[in-house]
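K.L.:
Have a look at the structure that comes next, please.
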Amino acid sequence: MPLTGERISKPSSVSSVDQVSEPATIANSHGPFDPEQYGFPAVDFANYGNEYNDALMNAVGTLPEADARYNYQKTGTALQLGTPITRDYRWNEYEFYGQDTWRATPSLTVTYGLRWSYLQAPAETSGTQVGTCQFSGSVCQPYSLTRFYDSAIAQAESGGAANNVGEVAFNLNGRYNHAPDFWTPQKNNFGPRLAIAFSPAASEGVWHKLFGSQQTSIRAGYSLVFDHFGAATVQNFDTTGSFGLSTYLSNPAGSVPIESAPRFTALGQVPTTLLPGAPQGGFPAVPAASGNGSFAISWGLDSAIKTPYSHLLDFSVTRGLHNGGSLEVSWIGRLAHRQLAQEDVAMPINLTVGGTPYFSVARDLAVKARQKVPVAEVQPVPYWEQEFGGLDGQDIGLGLGPLTATQNIYALFAANLYNETYALYQLDLPGSLPNSNIGAGVNYPAFRYYHDQYSALYSWRSVGYSNFNALEAVYRQRFGGLQADFNYTYSKSLDITSQAERLGNSASTNYAQIMNSWAPNQLYGPSDADVRHQINSNWVWDLPIGRGKKLLSSSNRLTDSILGGWQTTGILRWTSGFPFLMNNGAYYPTNWDIQGYAEQVSPIPSHANQKGHLTQRFADPATVFASFAHALPGQSGTRNPLRGDGYFSWDEGINKTFGLTERFKLILRWDMFNVTNSVRFDPQSINATLDNPQSFGQATELLTNYRLAQFAARVEF
């Protein structure tokens, strides 16, 4: 009955404030935009819009965003700026395992077993931890973010509103507060094991020729295994998402006009006009609604998560060969379920109106905008006329005069080319249209697409899945002084996200989150670690030269000391290319906070996909670049469509043993790593983003080390 108790004591975040230089995004048009092509008055629109790119804004010191983190004690007392924080988590993990072996026949052995696991959720020993809740009367009842997510889907399907889901609050939880833990551990994590080994013993006939007598082993196995998880999940939530204990706030992105945004003055001086004030401490803690300056990008923890599990399967046939060799062919599979994936449960809902979902009609308008269809040519669309009928005949302030509701919305989409979530922001939040006297809360209800507390609320949820299949062939050779293995693997790994539990949140994780929370399967594709072909080999060879060996076996002492006692070793590894993504650029068509991937719109010609020169991955980067386009509203983009270098390394070693006396030996060794000094570039360092075509395909980091050599001497006695 193994019992493991774990305890971690770690520093958490410190109270801090930061200034961030990002482009203001009022009527943002990052791409090449000619307002006259749409019918906009060029002068008026230029005065209103954001014409500056990131580099120019950094040069003039524009600071449109300020972020602050305020830390509190569980009593609600605010901690002073710079105060270090510690957390002391404890939990226990219990496992029982039983196994039996049954030798059914001399040639057949069956092994079976059962493992039971109980993984307690971590808990902070002083009770300094929080979880999500929802007010019911005067009581804040525990509220899983899965329920929040499901309620948002229900509102979208019924034509309701995101704000009807209700407010999310945070309250003290955990067993040290006599409250529910972060999540409820499963008590039925039973993992069966079954393995069969069969060695045919035919003495004659075709079976003897095929399998030999006790020269072949046929094996198969299955097991259900449960992951050990929790520590990294809790640590991330504690440092970035425990609202009321570690509260991260930002002024609403894109809400500061360029002409009035503060300017950089000195390091460490944060513009007080931007900095959100510290909220009142105490629990339950309720993030402010947008009308009070929130619209936060934040992180929660879903109390409905469950232990991830996997089905492991294998089948192999091993056949002994002559001269000490053997050949093994195997199939290996891993089918994983309930994997933790990070999902934004507060992204704009896919609101259905008259049987038509938002993303469908938004895509149609976005396509027209990218085709530069003039505003005057856009015909009324029932969805927009019904949902935003209050804009019919209104002048929303773009200098175009009164338009139909559909034309007004199209004009916003065109002004926010590739950045449709901002157009939706202007439509959904009161006072956000250019003409702030009309819009949400005046001509139609506000907060139907966005939740008023959050623009993004990330949470680890048990929604991920993956499958891995591999065919392996292994040849082993043992004779004389040679021991060598050679194996080849053909494999494929697919999942919906490859984010590790230990990684952080949002953009810090290379956009590994689910892009469209309402359609997570859009990202099903090659895993980040998918490698189609892999070859490995290793060997140790005592050269058959010298006294007592096959060659020069009767040599004298001097000859043997020079020619005998040599050994060579080596390791060889080669893989096909690793996958990498094409980034959508600094545009947000689907999710307010995650850019997403670019959409592959045409096949990549084989000549363009060949290896380029030096650090350039592609022989024709312009042609490869042209195979991609910005994702449309509702799209996540294409998952890992490109392949970079694979890994290659050949390491070699040579030993020479000198017999000084019968008791003393001197061994000299020379090892060389990456003998061929081969260069492979890290695919994750390749510039692949739609807003930087000039550097597309250029790698900046190596996947392999340069050639190295080491020398060693050892005395044995």
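Labels used: A, B, ... for chains in the order of the structure tokens, numbers from 1 for residues in each chain, and numbers from 1 for ligands as shown.
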Neighbouring residues of Val353 (chain A) were defined as those with any atom within 10 Å, considering only C-alpha atoms; residues of the same chain fewer than 5 positions away were excluded. Please report them as a list in words.
P.N.:
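Close residues of Val353 (chain A): Ala156, Glu157, Ser158, Gly159, Gly160, Tyr358, Pro382, Tyr383, Trp384, Gln386 and Glu387 of chain A.
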K.L.:
For the residues selected in the previous step, produce a file with C-alpha atoms as a PDB file, in the first residue's frame.
P.N.:
ATOM      1  CA  ALA A 156     -26.185  31.438 -27.292  1.00  0.00           C
ATOM      2  CA  GLU A 157     -28.429  28.687 -28.617  1.00  0.00           C
ATOM      3  CA  SER A 158     -31.608  30.218 -27.210  1.00  0.00           C
ATOM      4  CA  GLY A 159     -30.882  33.734 -28.479  1.00  0.00           C
ATOM      5  CA  GLY A 160     -30.299  35.064 -24.959  1.00  0.00           C
ATOM      6  CA  TYR A 358     -23.143  34.974 -35.071  1.00  0.00           C
ATOM      7  CA  PRO A 382     -31.777  39.627 -41.434  1.00  0.00           C
ATOM      8  CA  TYR A 383     -29.450  38.751 -38.542  1.00  0.00           C
ATOM      9  CA  TRP A 384     -28.026  42.258 -38.229  1.00  0.00           C
ATOM     10  CA  GLN A 386     -33.034  42.014 -36.177  1.00  0.00           C
ATOM     11  CA  GLU A 387     -30.260  42.076 -33.560  1.00  0.00           C
TER      12      GLU A 387
END
K.L.:
Smallest atom-to-atom distance to Pro445 (chain A): which of A:Pro348, A:Gly464, A:Gly389, A:Gly354, using only C-alpha atoms?
P.N.:
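Ranked by minimum distance to Pro445 (chain A), first place goes to A:Gly389.
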K.L.:
Taking the DSSP secondary structure from the backbone, can you list the residues of region 517-627 of chain A that are strand (DSSP E), as an NGL selection string?
P.N.:
:A and (525-526 or 533-542 or 566-575 or 579-580 or 599-600)
K.L.:
Give one line per residue of region 411-523 of chain A that approaches region 319-324 of chain A to at most 8 Å, naming the two atoms of the closest pair and their distance in Å to one decimal, counting only C-alpha atoms; sort by chain then ascending residue number and deliver it as JSON lines.
P.N.:
{"residue": "A:Gln477", "atom": "CA", "partner": "A:Gly324", "partner_atom": "CA", "distance": 5.9}
{"residue": "A:Arg478", "atom": "CA", "partner": "A:Gly324", "partner_atom": "CA", "distance": 4.9}
{"residue": "A:Phe479", "atom": "CA", "partner": "A:Gly324", "partner_atom": "CA", "distance": 5.6}
K.L.:
Output all heavy atoms for every residue in that selection, as an mmCIF file, in the first residue's frame.
P.N.:
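This is the output file part.cif:
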data_model
loop_
_atom_site.group_PDB
_atom_site.id
_atom_site.type_symbol
_atom_site.label_atom_id
_atom_site.label_comp_id
_atom_site.auth_asym_id
_atom_site.auth_seq_id
_atom_site.Cartn_x
_atom_site.Cartn_y
_atom_site.Cartn_z
ATOM 1 N N GLN A 477 21.562 -7.074 -32.448
ATOM 2 C CA GLN A 477 22.623 -7.992 -32.846
ATOM 3 C C GLN A 477 23.599 -8.185 -31.695
ATOM 4 O O GLN A 477 24.087 -7.218 -31.119
ATOM 5 C CB GLN A 477 23.367 -7.450 -34.065
ATOM 6 C CG GLN A 477 24.433 -8.396 -34.596
ATOM 7 C CD GLN A 477 23.834 -9.692 -35.113
ATOM 8 O OE1 GLN A 477 23.033 -9.693 -36.033
ATOM 9 N NE2 GLN A 477 24.195 -10.805 -34.497
ATOM 10 N N ARG A 478 23.852 -9.451 -31.363
ATOM 11 C CA ARG A 478 24.792 -9.792 -30.305
ATOM 12 C C ARG A 478 25.669 -10.938 -30.811
ATOM 13 O O ARG A 478 25.180 -12.054 -31.026
ATOM 14 C CB ARG A 478 24.081 -10.250 -29.020
ATOM 15 C CG ARG A 478 23.059 -9.280 -28.469
ATOM 16 C CD ARG A 478 23.710 -8.088 -27.794
ATOM 17 N NE ARG A 478 22.734 -7.259 -27.118
ATOM 18 C CZ ARG A 478 22.052 -6.280 -27.707
ATOM 19 N NH1 ARG A 478 22.257 -6.034 -29.004
ATOM 20 N NH2 ARG A 478 21.190 -5.544 -27.041
ATOM 21 N N PHE A 479 26.929 -10.680 -31.059
ATOM 22 C CA PHE A 479 27.853 -11.778 -31.353
ATOM 23 C C PHE A 479 29.268 -11.259 -31.145
ATOM 24 O O PHE A 479 29.567 -10.087 -31.394
ATOM 25 C CB PHE A 479 27.673 -12.334 -32.773
ATOM 26 C CG PHE A 479 28.105 -11.415 -33.866
ATOM 27 C CD1 PHE A 479 29.427 -11.412 -34.324
ATOM 28 C CD2 PHE A 479 27.205 -10.559 -34.465
ATOM 29 C CE1 PHE A 479 29.825 -10.568 -35.342
ATOM 30 C CE2 PHE A 479 27.603 -9.712 -35.481
ATOM 31 C CZ PHE A 479 28.912 -9.710 -35.924
#
K.L.:
Could you tell me which of A:Glu377, A:Glu652, A:Glu328, A:Asp645 comes closest to Tyr488 (chain A) if we count only C-alpha atoms?
P.N.:
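For Tyr488 (chain A), the nearest of the given residues is A:Glu328.
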K.L.:
Of the residues A:Asn583, A:Ser685, A:Ser455, A:Ser576, which is the one nearest to Thr615 (chain A), using only C-alpha atoms?
P.N.:
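Smallest distance to Thr615 (chain A) is found for A:Ser685.
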K.L.:
So, counting only C-alpha atoms, which residue among A:Leu494, A:Ala456, A:Val317, A:Val715 is closest to Glu343 (chain A)?
P.N.:
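Smallest separation from Glu343 (chain A) among the options: A:Ala456.
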K.L.:
Work out how far CA of His630 (chain A) is from CA of Ala598 (chain A), in Å to one decimal.
P.N.:
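Here the two named atoms are 5.2 Å from each other.
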K.L.:
Report as a PyMOL selection string all protein, DNA and RNA residues lying within 12 Å of Gln129 (chain A), evaluated on only C-alpha atoms, omitting residues in the same chain fewer than 5 positions from it.
P.N.:
chain A and resi 72-75+86-89+122-124+170-182+234-235+237-239+241-246+283-284+301
K.L.:
Neighbouring residues of region 97-114 of chain A were defined as those with any atom within 10 Å, considering only C-alpha atoms; residues of the same chain fewer than 3 positions away were excluded. Please report them as a list of chain:residue names.
P.N.:
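Contacts, with the query itself left out: A:Met1, A:Pro2, A:Ser117, A:Phe190, A:Gly191, A:Pro192, A:Arg193, A:Leu194, A:Ala195, A:Ile196, A:Ala197, A:Phe198, A:Ser199, A:Pro200, A:Ala201, A:Gln214, A:Ser217, A:Ile218, A:Arg219, A:Ala220, A:Gly221, A:Tyr222, A:Ser223, A:Leu224.
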K.L.:
Quick one: residues within 7 Å of Pro526 (chain A), only C-alpha atoms counted, chain neighbours fewer than 4 positions away excluded, as a CSV table (one decimal) with C-alpha atoms, in the first residue's frame?
P.N.:
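Final output, selection_3.csv:
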chain,number,residue,atom,x,y,z
A,493,SER,CA,0.2,12.0,-32.7
A,494,LEU,CA,-3.0,14.0,-32.9
A,495,ASP,CA,-4.6,16.2,-30.2
A,530,ASP,CA,4.4,14.9,-33.7
A,639,ARG,CA,-3.0,23.5,-36.7
A,640,ASN,CA,0.7,22.9,-37.2
K.L.:
Can you pull out the residues contacting region 76-78 of chain A? Cut-off 7 Å, using only C-alpha atoms, and skip same-chain residues under 5 positions away; I want them as a list in words.
P.N.:
Asn71, Gly281 and Gly282 of chain A
K.L.:
Within 7 Å of region 412-414 of chain A, counting only C-alpha atoms, which residues qualify if same-chain residues fewer than 4 places away don't, as a list in words?
P.N.:
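Here the answer would be Ala366, Ala369, Asn408, Glu420 and Ala423 of chain A.
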K.L.:
With N, CA and C atoms retained, write the just-selected residues as a tab-separated table (two decimals), in the first residue's frame.
P.N.:
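Result file follows (selection-v3.tsv):
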chain	number	residue	atom	x	y	z
A	366	ALA	N	-16.92	39.65	-42.96
A	366	ALA	CA	-15.46	39.73	-42.98
A	366	ALA	C	-14.92	39.43	-44.38
A	369	ALA	N	-15.44	42.47	-46.45
A	369	ALA	CA	-14.49	43.52	-46.08
A	369	ALA	C	-13.12	43.25	-46.68
A	408	ASN	N	-23.88	49.77	-41.20
A	408	ASN	CA	-23.13	50.31	-40.06
A	408	ASN	C	-22.19	49.26	-39.47
A	420	GLU	N	-12.10	41.48	-35.92
A	420	GLU	CA	-13.55	41.62	-35.78
A	420	GLU	C	-14.04	41.60	-34.34
A	423	ALA	N	-14.63	45.14	-33.34
A	423	ALA	CA	-15.89	45.68	-33.86
A	423	ALA	C	-17.06	45.21	-32.99
K.L.:
Name the residues of region 486-638 of chain A that fall into alpha helix (DSSP H) according to DSSP on the backbone, using the chain letters and numbers of this document, as a CSV table (one decimal) with N, CA and C atoms, in the first residue's frame.
P.N.:
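Writing done, so here's result04.csv:
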chain,number,residue,atom,x,y,z
A,557,ARG,N,53.4,-9.3,-26.1
A,557,ARG,CA,52.9,-8.3,-25.1
A,557,ARG,C,53.0,-6.9,-25.7
A,558,LEU,N,54.1,-6.5,-26.5
A,558,LEU,CA,54.2,-5.2,-27.1
A,558,LEU,C,53.1,-5.0,-28.1
A,559,THR,N,53.0,-6.0,-29.0
A,559,THR,CA,52.0,-5.8,-30.1
A,559,THR,C,50.6,-5.7,-29.5
A,560,ASP,N,50.3,-6.5,-28.5
A,560,ASP,CA,49.0,-6.5,-27.9
A,560,ASP,C,48.7,-5.2,-27.2
A,561,SER,N,49.8,-4.6,-26.6
A,561,SER,CA,49.6,-3.3,-25.9
A,561,SER,C,49.2,-2.2,-26.9
A,562,ILE,N,49.7,-2.3,-28.2
A,562,ILE,CA,49.4,-1.3,-29.2
A,562,ILE,C,48.2,-1.6,-29.9
A,563,LEU,N,47.9,-2.8,-30.4
A,563,LEU,CA,46.8,-3.1,-31.2
A,563,LEU,C,45.6,-3.7,-30.5
A,621,PRO,N,10.0,31.3,-49.8
A,621,PRO,CA,9.2,31.7,-48.7
A,621,PRO,C,8.0,32.5,-49.1
A,622,ALA,N,8.1,33.3,-50.2
A,622,ALA,CA,6.9,34.1,-50.6
A,622,ALA,C,5.8,33.2,-51.1
A,623,THR,N,6.1,32.1,-51.8
A,623,THR,CA,5.0,31.2,-52.2
A,623,THR,C,4.3,30.5,-51.0
A,624,VAL,N,5.2,30.1,-50.1
A,624,VAL,CA,4.6,29.5,-48.9
A,624,VAL,C,3.8,30.4,-48.1
A,625,PHE,N,4.3,31.7,-47.9
A,625,PHE,CA,3.5,32.7,-47.2
A,625,PHE,C,2.1,32.9,-47.9
K.L.:
Please measure the separation of CA of Asp542 (chain A) and CA of Asn487 (chain A), giving the value in Å to one decimal.
P.N.:
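Going from CA of Asp542 (chain A) over to CA of Asn487 (chain A) covers 21.5 Å.
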K.L.:
Which residue, A:Ile604, A:Ala586, A:Ala304, A:Ala519, has the smallest gap to Leu417 (chain A) when you use only C-alpha atoms?
P.N.:
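Closest candidate: A:Ala586.
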K.L.:
Between CA of Thr657 (chain A) and CA of Arg714 (chain A), what is the spacing in Å?
P.N.:
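Separating CA of Arg714 (chain A) from CA of Thr657 (chain A) is a distance of 9.4 Å.
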K.L.:
Counting only C-alpha atoms, which residue out of A:Met515, A:Cys140, A:Ala699, A:Met672 sits closest to Phe618 (chain A)?
P.N.:
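Closest residue, counting only C-alpha atoms: A:Ala699.
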